[in-house]
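The block underneath contains the structure these notes are about, expressed in structure tokens.
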2 protein chains.
Amino acid sequence: MAKEKSLDLLLTVEWKDDAVVLIDQTKLPNKMVYVKCTDYRQVADAIKSMVVRGAPAIGVTAALGLALAAKQSKAKSMQELMTDLDTAFKVLRATRPTAVNLFWALERVMDKVKGVKTVEDAKKAVLDEAIRMAQEDIQANREMGANGAKLFKDGDVVLTHCNAGSLATVAYGTALGVIRATREAGKRVSVIATETRPVMQGARLTAFELQHDGVDVSLIPDTAVGHMMARGVIKRVIVGADRVLRTGHVFNKIGTYQVAILANKHKVPFYVAAPLSTFDFESNPEDVVIEERSIDEVVKVGRKRVAPKGVRIFNPAFDMTPPELITGIITEKGVLKPPFEKNLKALLG
Amino acid sequence: MAKEKSLDLLLTVEWKDDAVVLIDQTKLPNKMVYVKCTDYRQVADAIKSMVVRGAPAIGVTAALGLALAAKQSKAKSMQELMTDLDTAFKVLRATRPTAVNLFWALERVMDKVKGVKTVEDAKKAVLDEAIRMAQEDIQANREMGANGAKLFKDGDVVLTHCNAGSLATVAYGTALGVIRATREAGKRVSVIATETRPVMQGARLTAFELQHDGVDVSLIPDTAVGHMMARGVIKRVIVGADRVLRTGHVFNKIGTYQVAILANKHKVPFYVAAPLSTFDFESNPEDVVIEERSIDEVVKVGRKRVAPKGVRIFNPAFDMTPPELITGIITEKGVLKPPFEKNLKALLG
């Protein structure tokens, strides 16, 4: 069980003994089980079935999946290796459509192989880059945390939606990384986690990892957000992101948009914590595909059927929050304030 | 199974063979099971544990509970009978604190006993009044439906939260009664039901009863309301109420308030359907007790634990929607428009 170890020592995703090792997040909070992938197709399945989830964690996992494909490859020439890597690239890229880190990570690894002369060197380059990305993820989260911590006050009660925590990244977390850094800066913070139907990442993962770290955490149904804000309980909101456009449009877990509207209505500051790997500088809002997931996520909880057979279900996994509802976007390079497009250019120099 | 019968022939609550017979709504949508109560304390337990729920259904069930207490009484004098009835009154009144129909129904039945001379006459008066209330409930729902149907257009897609349907009343429903009446008036209506965490009345009951009646119904997680409104899918919202104040403040299932804010933000008309028995002409908003229910409703779904052990949980069962977010309140006497306090006086003459 997780309780016997410190989560600081646990990694959501890790390269170990020539395999990709993942915490099986579908089993939390009841069991802490590790999944060992020795084939990149297992990695792709793990991303699809949400054994691993969270935009940054998906990116690193896919990169390590490519490293696994390189290792598995029996290629004798660079051409053969590139064919094998291209196949794996496509399989991994097709796992989920919304989080941009996935595409960013896979392309970054593929770029590293360009110009490499030997199969051996190329395999090493892929693995090195994937491992470097895992390390950079933790580093970016710590920097984001330091930048975000300045925005939070001693005694703050902070609402978060879904899980943008340690379990959504390699470690430390984005939104919850800011919470951790705020605490490390000596400020007391209480967190209110929404359950986050249908997959319950708030109940299963956020409540679990914060409770485990000794952070004061409460859980509420998604239906209680407005009521808690009307009562004045919530002082700030912080969420992660699956994709941030240059205009400041944020794609994140379904429900984020309505939490942002409720925050706006109750004059509660609404922050997004996202590393620059989550930014998509190309797309316009209408270009982004919002994943529609299986109705099984809604119909059943465990083995318990909670909806009648045959009823039509909409299960969009993400929604879009427009920039006018966002107080600030916390990145590893600094905090972006509106107007986001202009200030993003300034931030990136 | 329900599928083999018409729901029109099913009654949520019924006096039958000297007992109170209830559909066990905690078992839906998986099993259609009836509970037969032969002791008023069983009736009280059924209300508490939400075997029966929905403000109008609770009112009638409690009234029939009093009839059961009268039947059970071995009183030889009116004084003894009144003592027995008072005891039952207190037990039934203490079951749930927010829905006002409960108090209204119990007091109405008790009023009928005043001035009655014999134990036999009093027992009959209690039962007659409770059965009359059950009949009036259906009648009021049909009148509300006729009044509300005028507000809906052919082709409307209507969002509803929780279950204000047949299963929340004796039959026909309040909010869903308006949907039924709109269809009976020859207009096509599609319904989008929210799941309504934590107890899932939308998934388990609304989707079930509308699907059963052949109404086009879709189910969405509570987190998807804002997204569906942003996409322009939802044309109107209709909900029921557990208590309506003279000022137009509406107490209803947790999550109603935020749906009202989202409707307001997206310029979607927001209607409440509530019989006058749901109105509380005395209380101010701050007087109303919002029931906080067991954390078990949030921690587990069926046998599946979805939150870690020991995490603090807030589980308010209701919230308050202020009058400025409400387009109209549909009653059996007509549709109230703002300003509600003034127009309510006019409506009641």
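Quick note on naming: the chains in the structure tokens go A, B, ... in the order shown, residues restart at 1 in each chain, and ligands are numbered from 1 in order of appearance.
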
Could you name the residues that touch Phe251 in chain A at 12 Å or less, counting only C-alpha atoms, but leaving out those on the same chain fewer than 4 positions away, as a PyMOL selection string?
(chain A and resi 55+97-100+239-247+255-257+272+274+278-280+283-291+316-323) or (chain B and resi 227)

Residues of chain A within 8 Å of chain B, using only C-alpha atoms, as an MDAnalysis selection string?
chainID A and resid 29:30 196:198 200 203:204 207:208 211 217:227 254:258 261:262 298 301:308 311:316 319:320

Can you pull out every residue within 7 Å of range 179-190 of chain A, counting only C-alpha atoms, but drop anything in the same chain fewer than 2 positions away, and send it as a CSV table (one decimal) with C-alpha atoms, in the first residue's frame?
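Generated output (out.csv):
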chain,number,residue,atom,x,y,z
A,145,GLY,CA,5.7,25.9,-8.0
A,146,ALA,CA,8.1,28.7,-7.0
A,149,ALA,CA,3.6,30.2,-4.6
A,152,PHE,CA,-1.0,32.3,-2.7
A,153,LYS,CA,-1.6,33.6,0.9
A,154,ASP,CA,-1.2,32.0,4.3
A,155,GLY,CA,-4.6,30.4,5.2
A,156,ASP,CA,-5.9,30.2,1.6
A,157,VAL,CA,-8.6,27.6,0.8
A,158,VAL,CA,-7.9,26.6,-2.8
A,175,ALA,CA,-1.3,22.8,-10.0
A,176,LEU,CA,-0.6,20.7,-6.9
A,177,GLY,CA,3.1,21.5,-7.4
A,192,ILE,CA,-10.9,21.4,-1.8
A,215,VAL,CA,-2.0,18.4,3.0
A,216,ASP,CA,-5.3,19.5,4.5
A,217,VAL,CA,-7.8,18.3,1.8

Considering only C-alpha atoms, state which residue in the set B:Leu102, B:Thr38, B:Leu22, B:Met110 is at the smallest distance from Val52 in chain B.
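Among the listed residues, B:Leu22 lies closest to Val52 in chain B.
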
Contacts of Ala44 in chain B at 8 Å or less, counting only C-alpha atoms, minus same-chain residues fewer than 2 places along, as a count of residues only?
11

Report as a PDB file with N, CA, C and O atoms, in the first residue's frame all protein, DNA and RNA residues lying within 9 Å of Arg53 in chain B, evaluated on only C-alpha atoms, omitting residues in the same chain fewer than 3 positions from it.
ATOM      1  N   GLN B  25     -36.472   3.380  -4.582  1.00  0.00           N
ATOM      2  CA  GLN B  25     -35.712   4.118  -5.596  1.00  0.00           C
ATOM      3  C   GLN B  25     -34.205   3.934  -5.454  1.00  0.00           C
ATOM      4  O   GLN B  25     -33.455   4.258  -6.375  1.00  0.00           O
ATOM      5  N   ALA B  46     -37.735   4.968   5.433  1.00  0.00           N
ATOM      6  CA  ALA B  46     -37.727   5.002   3.963  1.00  0.00           C
ATOM      7  C   ALA B  46     -37.466   6.415   3.449  1.00  0.00           C
ATOM      8  O   ALA B  46     -36.780   6.609   2.442  1.00  0.00           O
ATOM      9  N   ILE B  47     -38.001   7.417   4.143  1.00  0.00           N
ATOM     10  CA  ILE B  47     -37.748   8.815   3.744  1.00  0.00           C
ATOM     11  C   ILE B  47     -36.285   9.170   4.011  1.00  0.00           C
ATOM     12  O   ILE B  47     -35.601   9.716   3.152  1.00  0.00           O
ATOM     13  N   LYS B  48     -35.821   8.829   5.203  1.00  0.00           N
ATOM     14  CA  LYS B  48     -34.432   9.136   5.575  1.00  0.00           C
ATOM     15  C   LYS B  48     -33.427   8.523   4.615  1.00  0.00           C
ATOM     16  O   LYS B  48     -32.455   9.144   4.219  1.00  0.00           O
ATOM     17  N   SER B  49     -33.648   7.264   4.264  1.00  0.00           N
ATOM     18  CA  SER B  49     -32.671   6.533   3.449  1.00  0.00           C
ATOM     19  C   SER B  49     -32.929   6.718   1.955  1.00  0.00           C
ATOM     20  O   SER B  49     -32.297   6.092   1.126  1.00  0.00           O
ATOM     21  N   MET B  50     -33.873   7.559   1.618  1.00  0.00           N
ATOM     22  CA  MET B  50     -34.159   7.909   0.230  1.00  0.00           C
ATOM     23  C   MET B  50     -34.661   6.744  -0.625  1.00  0.00           C
ATOM     24  O   MET B  50     -34.469   6.728  -1.833  1.00  0.00           O
ATOM     25  N   PRO B  56     -42.441  16.533  -3.300  1.00  0.00           N
ATOM     26  CA  PRO B  56     -43.873  16.186  -3.243  1.00  0.00           C
ATOM     27  C   PRO B  56     -44.102  14.739  -2.796  1.00  0.00           C
ATOM     28  O   PRO B  56     -45.023  14.465  -2.016  1.00  0.00           O
ATOM     29  N   ALA B  57     -43.277  13.814  -3.264  1.00  0.00           N
ATOM     30  CA  ALA B  57     -43.432  12.411  -2.864  1.00  0.00           C
ATOM     31  C   ALA B  57     -43.203  12.241  -1.368  1.00  0.00           C
ATOM     32  O   ALA B  57     -43.901  11.476  -0.693  1.00  0.00           O
ATOM     33  N   ILE B  58     -42.234  12.959  -0.843  1.00  0.00           N
ATOM     34  CA  ILE B  58     -41.956  12.893   0.598  1.00  0.00           C
ATOM     35  C   ILE B  58     -43.168  13.395   1.391  1.00  0.00           C
ATOM     36  O   ILE B  58     -43.564  12.790   2.396  1.00  0.00           O
ATOM     37  N   LEU B 167     -41.172   9.973 -10.358  1.00  0.00           N
ATOM     38  CA  LEU B 167     -40.606   9.316  -9.182  1.00  0.00           C
ATOM     39  C   LEU B 167     -40.367  10.280  -8.007  1.00  0.00           C
ATOM     40  O   LEU B 167     -40.025   9.849  -6.914  1.00  0.00           O
ATOM     41  N   ALA B 168     -40.502  11.575  -8.250  1.00  0.00           N
ATOM     42  CA  ALA B 168     -40.344  12.564  -7.174  1.00  0.00           C
ATOM     43  C   ALA B 168     -41.703  13.001  -6.644  1.00  0.00           C
ATOM     44  O   ALA B 168     -41.790  13.794  -5.718  1.00  0.00           O
ATOM     45  N   THR B 169     -42.745  12.477  -7.269  1.00  0.00           N
ATOM     46  CA  THR B 169     -44.116  12.845  -6.905  1.00  0.00           C
ATOM     47  C   THR B 169     -44.913  11.536  -6.800  1.00  0.00           C
ATOM     48  O   THR B 169     -44.333  10.449  -6.885  1.00  0.00           O
TER      49      THR B 169
END
